[in-house]
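Content type compact mmCIF, C-alpha atoms and all ligand atoms, from the file model_35.txt:
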# COMPACT_ATOMS: atom_id res chain seq x y z
CA MET J 41 -10.03 17.85 -16.08
CA ARG J 42 -11.66 20.18 -13.62
CA LEU J 43 -11.60 20.38 -9.84
CA SER J 44 -14.99 21.39 -8.50
CA THR J 45 -13.65 22.70 -5.23
CA ALA J 46 -10.19 23.32 -3.91
CA THR J 47 -10.55 20.69 -1.22
CA ALA J 48 -8.62 17.83 -2.81
CA LEU J 49 -5.93 20.16 -4.15
CA CYS J 50 -5.48 21.85 -0.78
CA ALA J 51 -5.21 18.47 0.86
CA ALA J 52 -2.31 17.63 -1.40
CA LEU J 53 -0.59 20.90 -0.62
CA CYS J 54 -1.08 20.73 3.12
CA LEU J 55 1.86 18.46 3.91
CA PRO J 56 2.71 16.92 6.26
CA SER J 57 -0.86 16.52 7.53
CA PHE J 58 -2.95 14.33 5.25
CA ALA J 59 -5.92 14.40 7.63
CA VAL J 60 -7.92 16.79 5.44
CA ALA J 61 -7.79 14.41 2.47
CA GLU J 62 -8.67 11.39 4.51
CA ASP J 63 -11.87 13.00 5.75
CA ALA J 64 -12.94 14.35 2.37
CA ARG J 65 -15.33 12.56 0.04
CA VAL J 66 -14.16 12.76 -3.54
CA ALA J 67 -15.69 11.38 -6.73
CA LEU J 68 -13.51 10.69 -9.77
CA GLN J 69 -15.56 10.73 -12.96
CA CYS J 70 -13.54 8.51 -15.33
CA ALA J 71 -14.37 8.32 -19.05
CA ASP J 72 -13.07 4.75 -18.98
CA ALA J 73 -11.26 2.46 -16.55
CA PHE J 74 -8.91 -0.53 -16.60
CA ASP J 75 -10.22 -3.60 -14.81
CA ALA J 76 -6.99 -5.26 -13.70
CA SER J 77 -8.70 -8.60 -12.99
CA THR J 78 -10.06 -9.08 -16.50
CA GLY J 79 -7.48 -6.93 -18.33
CA LYS J 80 -10.31 -5.09 -20.08
CA LEU J 81 -11.64 -1.54 -20.18
CA THR J 82 -14.97 -1.05 -18.42
CA ALA J 83 -16.49 2.14 -19.97
CA ALA J 84 -17.28 5.18 -17.79
CA ILE J 85 -17.29 4.82 -14.01
CA THR J 86 -17.27 7.08 -10.99
CA ILE J 87 -14.91 6.15 -8.17
CA VAL J 88 -15.99 7.40 -4.75
CA VAL J 89 -13.07 7.93 -2.38
CA GLU J 90 -13.27 8.43 1.36
CA GLY J 91 -10.82 7.93 4.22
CA GLY J 92 -7.95 7.21 1.84
CA ARG J 93 -9.74 4.20 0.35
CA ILE J 94 -12.15 3.46 -2.47
CA LYS J 95 -15.59 3.59 -0.92
CA ALA J 96 -17.72 2.70 -3.95
CA ILE J 97 -17.65 2.41 -7.71
CA GLU J 98 -20.68 3.52 -9.69
CA ALA J 99 -21.40 2.85 -13.37
CA GLY J 100 -21.35 5.96 -15.54
CA ARG J 101 -20.23 9.46 -14.62
CA THR J 102 -22.24 10.34 -11.51
CA SER J 103 -22.17 13.07 -8.84
CA PRO J 104 -22.60 11.32 -5.46
CA ALA J 105 -24.06 13.46 -2.69
CA GLY J 106 -21.53 15.43 -0.65
CA ALA J 107 -18.60 14.54 -2.87
CA THR J 108 -16.08 16.88 -4.46
CA VAL J 109 -16.11 15.91 -8.13
CA ILE J 110 -12.92 15.56 -10.15
CA ASP J 111 -13.80 15.48 -13.83
CA LEU J 112 -11.58 13.07 -15.77
CA ALA J 113 -13.34 13.43 -19.12
CA GLY J 114 -11.37 11.79 -21.91
CA HIS J 115 -9.26 9.89 -19.39
CA THR J 116 -8.83 6.21 -18.55
CA CYS J 117 -8.45 5.47 -14.83
CA LEU J 118 -6.19 2.66 -13.68
CA PRO J 119 -5.11 1.28 -10.32
CA GLY J 120 -1.95 3.04 -9.06
CA LEU J 121 1.04 1.44 -10.79
CA VAL J 122 3.49 -0.84 -8.99
CA ASP J 123 7.19 -1.15 -9.82
CA MET J 124 8.51 -4.37 -8.30
CA HIS J 125 12.21 -3.57 -8.69
CA THR J 126 13.53 -0.16 -7.68
CA HIS J 127 16.53 1.30 -5.87
CA ILE J 128 14.92 4.56 -4.90
CA THR J 129 17.80 6.03 -2.89
CA SER J 130 20.44 6.24 -5.63
CA GLU J 131 20.65 6.98 -9.33
CA THR J 132 22.93 6.31 -12.29
CA SER J 133 25.73 8.78 -12.94
CA PRO J 134 29.25 8.56 -14.32
CA ARG J 135 30.25 9.83 -10.85
CA GLY J 136 28.32 7.08 -9.07
CA TYR J 137 31.27 4.81 -8.27
CA GLU J 138 33.41 7.67 -6.96
CA GLU J 139 30.52 9.05 -4.90
CA GLY J 140 30.36 5.75 -3.07
CA PHE J 141 33.56 6.83 -1.31
CA ARG J 142 32.35 10.31 -0.40
CA LEU J 143 28.61 10.27 0.34
CA ASN J 144 26.99 9.26 3.59
CA PRO J 145 23.56 7.74 4.24
CA ALA J 146 22.06 11.19 4.86
CA ASP J 147 23.16 12.31 1.39
CA TYR J 148 21.44 9.33 -0.22
CA ALA J 149 18.35 9.84 1.95
CA LEU J 150 17.95 13.44 0.82
CA ARG J 151 18.43 12.53 -2.82
CA GLY J 152 15.94 9.71 -2.30
CA THR J 153 13.20 12.23 -1.46
CA THR J 154 13.54 13.68 -4.96
CA TYR J 155 13.60 10.26 -6.62
CA ALA J 156 10.54 9.19 -4.61
CA ARG J 157 8.55 12.24 -5.68
CA ARG J 158 9.49 11.71 -9.33
CA THR J 159 8.42 8.07 -9.12
CA LEU J 160 5.05 8.95 -7.59
CA LEU J 161 4.38 11.67 -10.18
CA ALA J 162 5.08 9.11 -12.92
CA GLY J 163 2.06 7.19 -11.59
CA PHE J 164 3.86 4.61 -9.45
CA THR J 165 2.06 4.66 -6.14
CA THR J 166 3.83 1.54 -4.83
CA VAL J 167 7.37 0.21 -5.26
CA ARG J 168 9.27 -2.82 -4.04
CA ASN J 169 12.77 -1.58 -3.26
CA LEU J 170 15.42 -4.24 -3.79
CA GLY J 171 18.59 -2.99 -2.17
CA ASP J 172 20.03 0.14 -0.63
CA ALA J 173 22.90 1.13 1.65
CA GLY J 174 22.61 2.21 5.28
CA ASN J 175 18.93 1.18 5.41
CA VAL J 176 18.11 4.51 3.83
CA SER J 177 15.04 3.14 2.03
CA ILE J 178 13.59 2.00 5.36
CA ALA J 179 13.83 5.56 6.72
CA LEU J 180 12.40 6.92 3.46
CA ARG J 181 9.49 4.46 3.61
CA ASN J 182 8.70 5.63 7.13
CA ALA J 183 9.00 9.33 6.25
CA ILE J 184 6.58 8.85 3.32
CA ASP J 185 4.12 6.87 5.46
CA GLN J 186 4.25 9.61 8.12
CA GLY J 187 3.60 12.37 5.58
CA TYR J 188 6.97 14.13 5.69
CA VAL J 189 7.85 13.30 2.09
CA ALA J 190 5.74 12.75 -1.06
CA GLY J 191 6.48 9.34 -2.55
CA PRO J 192 5.15 5.88 -3.31
CA ARG J 193 4.35 3.22 -0.73
CA ILE J 194 7.65 1.43 -0.28
CA PHE J 195 8.09 -2.25 0.49
CA THR J 196 11.80 -2.59 1.01
CA ALA J 197 14.42 -5.29 1.41
CA GLY J 198 16.88 -2.86 3.03
CA LYS J 199 20.42 -3.94 2.22
CA SER J 200 20.66 -6.87 -0.24
CA ILE J 201 22.29 -10.08 0.96
CA ALA J 202 25.38 -11.22 -0.98
CA THR J 203 28.42 -13.47 -0.49
CA THR J 204 32.03 -12.25 -0.27
CA GLY J 205 32.97 -10.56 -3.54
CA GLY J 206 29.44 -11.11 -4.82
CA HIS J 207 27.05 -8.62 -6.37
CA ALA J 208 26.09 -6.39 -3.38
CA ASP J 209 29.28 -6.98 -1.36
CA PRO J 210 29.59 -3.28 -0.45
CA THR J 211 33.40 -3.40 -0.49
CA ASN J 212 33.97 -4.67 -4.05
CA GLY J 213 36.65 -2.67 -5.84
CA ARG J 214 37.61 -0.73 -2.70
CA ASN J 215 41.03 0.08 -1.33
CA TRP J 216 42.01 -2.56 1.29
CA GLU J 217 42.37 0.06 3.98
CA LEU J 218 38.76 1.13 3.44
CA THR J 219 37.13 -2.27 3.31
CA GLY J 220 37.26 -4.37 6.48
CA ASP J 221 35.47 -7.69 6.25
CA PRO J 222 31.71 -7.14 6.00
CA GLY J 223 29.47 -9.79 7.59
CA PRO J 224 25.79 -10.64 7.96
CA LYS J 225 24.93 -7.26 9.48
CA GLU J 226 26.28 -5.54 6.36
CA GLY J 227 24.59 -8.14 4.13
CA VAL J 228 27.52 -10.45 3.37
CA VAL J 229 27.18 -14.16 4.28
CA ASN J 230 29.39 -17.21 3.81
CA SER J 231 27.55 -20.01 5.57
CA VAL J 232 24.13 -21.26 6.54
CA ASP J 233 24.47 -19.63 9.98
CA ASP J 234 25.48 -16.31 8.43
CA ALA J 235 22.53 -16.55 6.07
CA ARG J 236 20.06 -16.98 8.95
CA LYS J 237 21.63 -14.11 10.87
CA ALA J 238 21.48 -11.78 7.86
CA VAL J 239 17.74 -12.41 7.48
CA ARG J 240 17.12 -11.87 11.19
CA GLN J 241 19.13 -8.65 11.06
CA ARG J 242 16.93 -7.36 8.26
CA TYR J 243 13.82 -8.23 10.25
CA LYS J 244 15.33 -6.28 13.15
CA ASP J 245 16.12 -3.37 10.83
CA GLY J 246 12.48 -3.20 9.70
CA ALA J 247 12.72 -4.64 6.18
CA ASP J 248 9.53 -5.86 4.49
CA LEU J 249 11.18 -8.59 2.43
CA ILE J 250 14.57 -10.08 1.58
CA LYS J 251 16.73 -9.62 -1.52
CA ILE J 252 19.63 -11.90 -2.40
CA THR J 253 22.12 -11.67 -5.26
CA SER J 254 22.29 -15.28 -6.37
CA THR J 255 24.65 -14.56 -9.30
CA GLY J 256 27.12 -11.88 -10.32
CA GLY J 257 25.72 -8.57 -11.53
CA VAL J 258 26.32 -6.06 -14.30
CA LEU J 259 27.19 -2.94 -12.35
CA SER J 260 29.22 -4.34 -9.45
CA TYR J 261 32.98 -3.92 -9.61
CA ALA J 262 33.67 -7.54 -10.53
CA LYS J 263 34.55 -9.49 -13.62
CA ASN J 264 31.71 -11.99 -13.91
CA GLY J 265 28.04 -11.08 -14.17
CA GLN J 266 26.70 -14.62 -14.27
CA ASN J 267 28.49 -16.94 -11.82
CA PRO J 268 26.44 -18.63 -9.08
CA GLN J 269 27.33 -16.98 -5.75
CA PHE J 270 25.35 -18.91 -3.13
CA THR J 271 25.05 -22.61 -2.33
CA ILE J 272 21.55 -24.08 -2.35
CA GLU J 273 21.93 -24.68 1.39
CA GLU J 274 22.62 -20.97 2.00
CA ILE J 275 19.59 -20.00 -0.10
CA GLN J 276 17.38 -22.51 1.72
CA ALA J 277 18.57 -21.11 5.06
CA ILE J 278 17.54 -17.64 3.85
CA THR J 279 14.12 -18.62 2.51
CA SER J 280 13.19 -20.80 5.49
CA THR J 281 14.26 -18.12 7.98
CA ALA J 282 12.47 -15.43 5.96
CA LYS J 283 9.32 -17.54 6.09
CA ASP J 284 9.49 -17.59 9.90
CA TYR J 285 9.29 -13.79 9.85
CA GLY J 286 6.70 -13.48 7.06
CA LEU J 287 9.22 -12.06 4.59
CA ARG J 288 9.25 -12.97 0.88
CA VAL J 289 12.54 -13.41 -0.98
CA ALA J 290 13.59 -11.86 -4.29
CA ALA J 291 16.67 -13.18 -6.09
CA HIS J 292 18.77 -11.17 -8.49
CA ALA J 293 20.07 -13.60 -11.14
CA HIS J 294 21.61 -13.37 -14.60
CA GLY J 295 23.27 -16.80 -14.96
CA ASP J 296 21.21 -19.97 -15.31
CA GLU J 297 22.85 -22.09 -12.58
CA GLY J 298 22.38 -19.38 -9.92
CA MET J 299 18.76 -19.05 -11.03
CA ARG J 300 18.22 -22.80 -10.78
CA ARG J 301 19.61 -22.86 -7.24
CA ALA J 302 17.47 -19.87 -6.23
CA ILE J 303 14.27 -21.50 -7.55
CA LEU J 304 15.07 -24.85 -5.90
CA GLY J 305 16.03 -22.96 -2.75
CA GLY J 306 12.50 -21.53 -2.61
CA VAL J 307 12.74 -17.85 -3.57
CA ASP J 308 9.56 -16.04 -4.62
CA SER J 309 10.91 -14.12 -7.63
CA ILE J 310 13.79 -14.09 -10.08
CA GLU J 311 14.96 -10.60 -11.03
CA HIS J 312 16.45 -9.93 -14.51
CA GLY J 313 16.69 -13.65 -15.43
CA THR J 314 18.93 -12.82 -18.35
CA TYR J 315 20.28 -16.24 -19.35
CA MET J 316 17.25 -18.28 -18.28
CA SER J 317 17.23 -21.63 -20.08
CA ASP J 318 14.14 -23.51 -21.24
CA ALA J 319 14.64 -25.98 -18.39
CA THR J 320 14.74 -23.11 -15.88
CA MET J 321 11.56 -21.62 -17.35
CA ALA J 322 9.89 -24.99 -16.79
CA LEU J 323 11.26 -25.03 -13.22
CA MET J 324 9.84 -21.52 -12.61
CA LYS J 325 6.40 -22.74 -13.71
CA LYS J 326 6.63 -25.88 -11.58
CA HIS J 327 7.54 -23.91 -8.44
CA GLY J 328 5.27 -20.93 -9.18
CA THR J 329 8.28 -18.60 -9.13
CA TRP J 330 7.69 -15.09 -10.46
CA TYR J 331 9.83 -13.39 -13.09
CA VAL J 332 10.56 -9.64 -12.84
CA PRO J 333 12.37 -8.82 -16.09
CA THR J 334 13.69 -5.19 -15.74
CA LEU J 335 13.99 -4.53 -19.49
CA SER J 336 14.59 -0.82 -18.81
CA ALA J 337 17.83 -1.58 -17.00
CA GLY J 338 19.04 -3.85 -19.79
CA ALA J 339 18.35 -1.24 -22.46
CA PHE J 340 19.91 1.63 -20.49
CA VAL J 341 23.18 -0.08 -19.53
CA ALA J 342 23.72 -1.44 -23.04
CA ASP J 343 23.37 2.09 -24.39
CA LYS J 344 25.54 3.84 -21.78
CA ALA J 345 28.27 1.20 -22.08
CA LYS J 346 28.98 2.64 -25.51
CA THR J 347 30.09 5.91 -23.87
CA PRO J 348 33.72 5.56 -22.71
CA GLY J 349 34.13 6.43 -19.03
CA TYR J 350 30.46 6.19 -18.06
CA TYR J 351 31.09 2.83 -16.36
CA PRO J 352 34.39 1.39 -15.08
CA GLU J 353 36.12 -0.74 -17.73
CA ILE J 354 35.43 -3.93 -15.77
CA VAL J 355 31.67 -3.25 -16.07
CA ARG J 356 31.44 -2.32 -19.78
CA PRO J 357 31.63 -5.77 -21.43
CA LYS J 358 29.00 -7.12 -19.01
CA ALA J 359 26.63 -4.24 -19.77
CA LEU J 360 27.05 -4.66 -23.53
CA ALA J 361 26.31 -8.40 -23.41
CA ILE J 362 23.63 -8.68 -20.75
CA GLY J 363 21.51 -5.65 -21.68
CA PRO J 364 20.15 -6.81 -25.04
CA GLN J 365 19.69 -10.41 -23.88
CA ILE J 366 17.02 -9.61 -21.28
CA SER J 367 14.36 -8.66 -23.89
CA ALA J 368 14.83 -11.93 -25.77
CA THR J 369 14.53 -13.93 -22.55
CA PHE J 370 11.44 -11.97 -21.50
CA ALA J 371 9.73 -12.67 -24.85
CA LYS J 372 10.44 -16.38 -24.49
CA ALA J 373 9.42 -16.58 -20.84
CA TYR J 374 6.10 -14.83 -21.57
CA LYS J 375 5.31 -17.31 -24.35
CA ALA J 376 6.30 -20.19 -22.07
CA GLY J 377 3.74 -19.06 -19.49
CA VAL J 378 6.09 -17.96 -16.69
CA LYS J 379 4.33 -15.62 -14.20
CA ILE J 380 5.57 -12.08 -14.86
CA ALA J 381 5.39 -8.97 -12.65
CA PHE J 382 6.46 -5.50 -13.77
CA GLY J 383 9.83 -4.21 -12.54
CA THR J 384 12.37 -1.80 -13.95
CA ASP J 385 15.51 -1.59 -11.75
CA SER J 386 15.09 2.18 -11.46
CA SER J 387 18.33 3.90 -10.40
CA VAL J 388 20.11 1.97 -13.14
CA TYR J 389 18.22 4.50 -15.35
CA PRO J 390 16.86 7.85 -14.04
CA HIS J 391 13.88 7.66 -11.65
CA GLY J 392 10.54 8.76 -13.08
CA GLY J 393 11.06 6.97 -16.40
CA ASN J 394 9.56 3.76 -14.96
CA ALA J 395 6.62 3.61 -17.40
CA HIS J 396 8.93 3.21 -20.39
CA GLU J 397 9.10 -0.45 -19.29
CA PHE J 398 5.54 -0.85 -20.66
CA VAL J 399 6.72 0.17 -24.13
CA LEU J 400 9.66 -2.26 -23.96
CA MET J 401 7.37 -5.09 -22.79
CA VAL J 402 4.93 -4.49 -25.64
CA ASP J 403 7.79 -4.17 -28.17
CA ALA J 404 9.02 -7.58 -26.98
CA GLY J 405 5.63 -9.18 -27.67
CA MET J 406 3.48 -8.84 -24.54
CA PRO J 407 -0.04 -7.46 -25.20
CA ALA J 408 -0.53 -4.00 -23.65
CA ASN J 409 -3.34 -5.11 -21.33
CA VAL J 410 -1.19 -7.96 -19.97
CA ALA J 411 1.68 -5.52 -19.35
CA LEU J 412 -0.75 -3.29 -17.43
CA GLN J 413 -1.86 -6.29 -15.37
CA ALA J 414 1.81 -7.05 -14.60
CA ALA J 415 2.11 -3.59 -12.99
CA THR J 416 -1.17 -3.81 -11.07
CA VAL J 417 -2.94 -7.03 -10.11
CA ARG J 418 0.07 -9.30 -10.72
CA ALA J 419 2.49 -7.09 -8.82
CA ALA J 420 0.04 -6.87 -5.92
CA GLU J 421 -0.12 -10.67 -5.86
CA LEU J 422 3.67 -11.02 -5.67
CA LEU J 423 3.73 -8.39 -2.90
CA ASP J 424 0.92 -10.25 -1.09
CA GLN J 425 -1.01 -6.96 -0.98
CA GLY J 426 -3.89 -7.86 -3.28
CA ASP J 427 -6.56 -6.67 -0.84
CA ASP J 428 -5.13 -3.14 -0.72
CA ILE J 429 -3.53 -2.36 -4.08
CA GLY J 430 -3.57 -3.37 -7.74
CA HIS J 431 -7.36 -3.08 -8.23
CA LEU J 432 -10.00 -0.41 -8.56
CA ARG J 433 -12.52 -1.85 -6.12
CA PRO J 434 -14.21 -0.88 -2.87
CA GLY J 435 -11.98 -1.38 0.16
CA ALA J 436 -8.68 -0.92 -1.69
CA TYR J 437 -6.44 2.09 -1.08
CA ALA J 438 -7.44 5.06 -3.21
CA ASP J 439 -4.29 4.73 -5.34
CA ILE J 440 -5.59 5.80 -8.74
CA VAL J 441 -3.93 7.16 -11.88
CA ALA J 442 -5.39 8.38 -15.16
CA VAL J 443 -4.06 8.85 -18.68
CA ALA J 444 -5.57 10.88 -21.54
CA GLY J 445 -6.77 8.21 -23.96
CA ASP J 446 -6.75 4.42 -24.23
CA PRO J 447 -3.54 2.81 -22.91
CA VAL J 448 -4.48 -0.62 -24.27
CA ARG J 449 -4.43 0.82 -27.78
CA ASP J 450 -1.49 3.21 -27.21
CA ILE J 451 0.75 1.95 -24.40
CA ALA J 452 3.13 4.91 -24.79
CA ILE J 453 0.62 7.23 -23.08
CA MET J 454 1.53 5.46 -19.84
CA GLU J 455 4.68 7.61 -20.01
CA LYS J 456 2.49 10.70 -19.67
CA VAL J 457 0.33 9.98 -16.64
CA ALA J 458 -1.99 12.98 -16.20
CA PHE J 459 -3.53 12.31 -12.79
CA VAL J 460 -2.10 10.70 -9.67
CA MET J 461 -3.93 10.01 -6.41
CA LYS J 462 -2.36 8.04 -3.59
CA ASN J 463 -4.23 7.17 -0.42
CA GLY J 464 -6.95 9.63 -1.47
CA VAL J 465 -4.53 12.55 -1.88
CA VAL J 466 -4.13 14.18 -5.31
CA TYR J 467 -0.48 14.62 -6.29
CA LYS J 468 -0.88 15.43 -9.97
CA GLN J 469 -3.78 16.79 -11.98
CA GLY J 470 -3.99 17.88 -15.61
CA GLY J 471 -0.41 16.66 -15.96
CA ILE J 472 0.76 19.17 -13.34
CA ALA J 473 2.17 18.28 -9.92
CA THR J 474 0.01 19.54 -7.07
CA ALA J 475 2.18 18.26 -4.20
CA PRO J 476 5.11 20.27 -2.83
ZN ZN N 1 18.41 -4.07 -8.98
In structure tokens, how does this file's structure come out?
Amino acid sequence: MRLSTATALCAALCLPSFAVAEDARVALQCADAFDASTGKLTAAITIVVEGGRIKAIEAGRTSPAGATVIDLAGHTCLPGLVDMHTHITSETSPRGYEEGFRLNPADYALRGTTYARRTLLAGFTTVRNLGDAGNVSIALRNAIDQGYVAGPRIFTAGKSIATTGGHADPTNGRNWELTGDPGPKEGVVNSVDDARKAVRQRYKDGADLIKITSTGGVLSYAKNGQNPQFTIEEIQAITSTAKDYGLRVAAHAHGDEGMRRAILGGVDSIEHGTYMSDATMALMKKHGTWYVPTLSAGAFVADKAKTPGYYPEIVRPKALAIGPQISATFAKAYKAGVKIAFGTDSSVYPHGGNAHEFVLMVDAGMPANVALQAATVRAAELLDQGDDIGHLRPGAYADIVAVAGDPVRDIAIMEKVAFVMKNGVVYKQGGIATAP
């Protein structure tokens, strides 16, 4: 790869003002490109970028007038990748549970800037963030949009909505004197009225979507990772209220009954889906519900659970059982024709390793080009952002990544993204970060 002038590079370095990049005209000469609509490679193209968006796409490697050329010889260009399940403001650590007592939102926010940068440099130009504390991901989203921090576009649920003692009750496992009784504002509901208020609070907070925890979870300080934790009426109150505000709803679910209620209650996606039965797969298809599998999380927790002390004892048996099951369910759901979007549950494993999910998806039986579609066009569809992201086409944001070689033949090269452009700004070139 070669940069003809320093313009694009300088633009990336000149934070926080991105104005230089948005005015520049840049041409990316790609040896090959991934057409997310067809799932096929296109042969050489040149992508003309202007004003942060794709202006034109020309066949072959051309040098459009007035454009700074970036030579991506030997590279395949793809739409910027999308991870539909992240927690970008925290990260796994054996100290994680203890830190929950000591750290404040500002601590998580500052750490989040590092995680965001790592995620972007791994080629993920957009993430859907499904749960934080203190609305830190909302502040991070805004700081990235305003150019203060390098990171992906964030669509965030803010704080997840749970029921008392449920996965995402922020006081699980805490000393009584430290807990209080969290309510809808803190994301804990116990009635239809609470459920409506919790959604309206998130709208007020500036969330882009809603996340609920419809069953128990692996890493929460609680015994059961599968039990249903909402009534259908509570879920319906959440989805109907969310619809009023134009917010989609994602449902964390491991157990089958909680999944069934979430689908019947009208959620847009099921996250993890570990113990999804054949009947529930059929229900997903009937309702058009998406599945976001998060194989990376399953693999990581199953492995770390073998290390004594990494997780609290109450968490270990859940991690050992649930982790390996997700891959088997994913393989079955794919064959059954359930709609699948790419998501990893980053923070459960270290941020920046998001692309390993592709390898796990292909290992479980999904063709590489379909896995790439899951992280581009399909993810954009679930986000309802198909006009702006997920495609290499005129009018879309100039969110473009490139890998050295053919990712359809060798999916593992997705773990070594060589070039990253977001909104027309180059953040990584020749495998080296160019942003501060
Ligand atoms: Zn999660």
Environment of ligand ZN 1 (chain N) within 8 Å, counting only C-alpha atoms and all ligand atoms, reported as a ChimeraX atom specification: /J:125-127,170-171,292,311,385-386,388
Distance query Ser103 of chain J at most 10 Å, only C-alpha atoms, self and fewer than 3 positions along chain excluded, as a PyMOL selection string: chain J and resi 66-69+86+88+98+100+106-110
If we count only C-alpha atoms and set the cut-off at 10 Å, which residues sit around Ile250 of chain J, ignoring sequence neighbours fewer than 3 positions away in its own chain? Please answer as number ranges by chain. J: 169-171, 196-201, 238-239, 242-243, 247, 278-279, 282, 287-291, 307-308
Residues near segment 320-332 of chain J, anyone? I mean within 10 Å using all atoms listed in the file, not counting same-chain ones fewer than 2 positions away, as a ChimeraX atom specification. /J:123-125,290-292,296-297,299-304,306-313,315-318,334-335,369-370,372-374,376-385,414,418-419,422
Counting all atoms listed in the file, find the residues whose atoms lie at most 12 Å from (-13.6, 14.3, -25.2) (file coordinates) and write them out as an NGL selection string. :J and (41 or 70-72 or 111-116 or 444-445)
One residue among J:Val341, J:Val89, J:Val229, J:Met461 is nearest to Pro357 of chain J when using only C-alpha atoms, and that residue is J:Val341
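Considering the residues J:Gly349, J:Gly392, J:Pro407, J:Gly256 and counting all atoms listed in the file, Leu161 of chain J has its shortest atom-to-atom contact with J:Gly392.
The interatomic distance for the pair atom CA of Glu273 of chain J and atom CA of Val232 of chain J works out to 6.6 Å.
Considering all atoms listed in the file, the residue among J:Tyr261, J:Asp424, J:Ile97, J:Tyr285 positioned nearest to Lys358 of chain J is J:Tyr261.
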Atomic distance atom CA of Gln269 of chain J - atom CA of Gly298 of chain J, expressed in Å with one decimal: 6.9 Å
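For the set J:Leu423, J:Ile451, J:Ile128, J:Ala173, the residue with the smallest atom-to-atom gap to Gly286 of chain J is J:Leu423, counting all atoms listed in the file.
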Neighbour list for Asn463 of chain J as a list in words, cut-off 10 Å, all atoms listed in the file, skip fewer than 6 positions in-chain: Phe58, Ala61, Glu62, Val89, Glu90, Gly91, Gly92, Arg93, Ile94, Gly120, Thr165, Pro192, Arg193, Ala436, Tyr437, Ala438, Asp439 and Ile440 of chain J
Enumerate, in order of chain and increasing residue number, the residues of segment 224-322 of chain J with an atom no farther than 12 Å from segment 175-189 of chain J, each with its shortest atom pair and distance in Å to one decimal, counting all atoms listed in the file, as a tab-separated table.
residue	atom	partner	partner_atom	distance
J:Lys225	CA	J:Asn175	CA	11.1
J:Glu226	CA	J:Asn175	CA	10.0
J:Gly227	CA	J:Asn175	CA	11.0
J:Gln241	CA	J:Asn175	CA	11.3
J:Arg242	CA	J:Asn175	CA	9.2
J:Tyr243	CA	J:Ile178	CA	11.3
J:Lys244	CA	J:Asn175	CA	11.3
J:Asp245	CA	J:Asn175	CA	7.6
J:Gly246	CA	J:Ile178	CA	6.9
J:Ala247	CA	J:Ile178	CA	6.7
J:Asp248	CA	J:Ile178	CA	8.9
J:Leu249	CA	J:Ile178	CA	11.2
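Proximity ranking of J:Met401, J:Ala415, J:Ala361, J:Val465 relative to Arg168 of chain J places J:Ala415 first, based on all atoms listed in the file.
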Can you tell me how far atom CA of Gly435 of chain J sits from atom CA of Lys468 of chain J, in Å to one decimal? 22.5 Å
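Considering the residues J:Gly464, J:Pro134, J:Gly471, J:Pro390 and counting only C-alpha atoms, Ser336 of chain J has its shortest atom-to-atom contact with J:Pro390.
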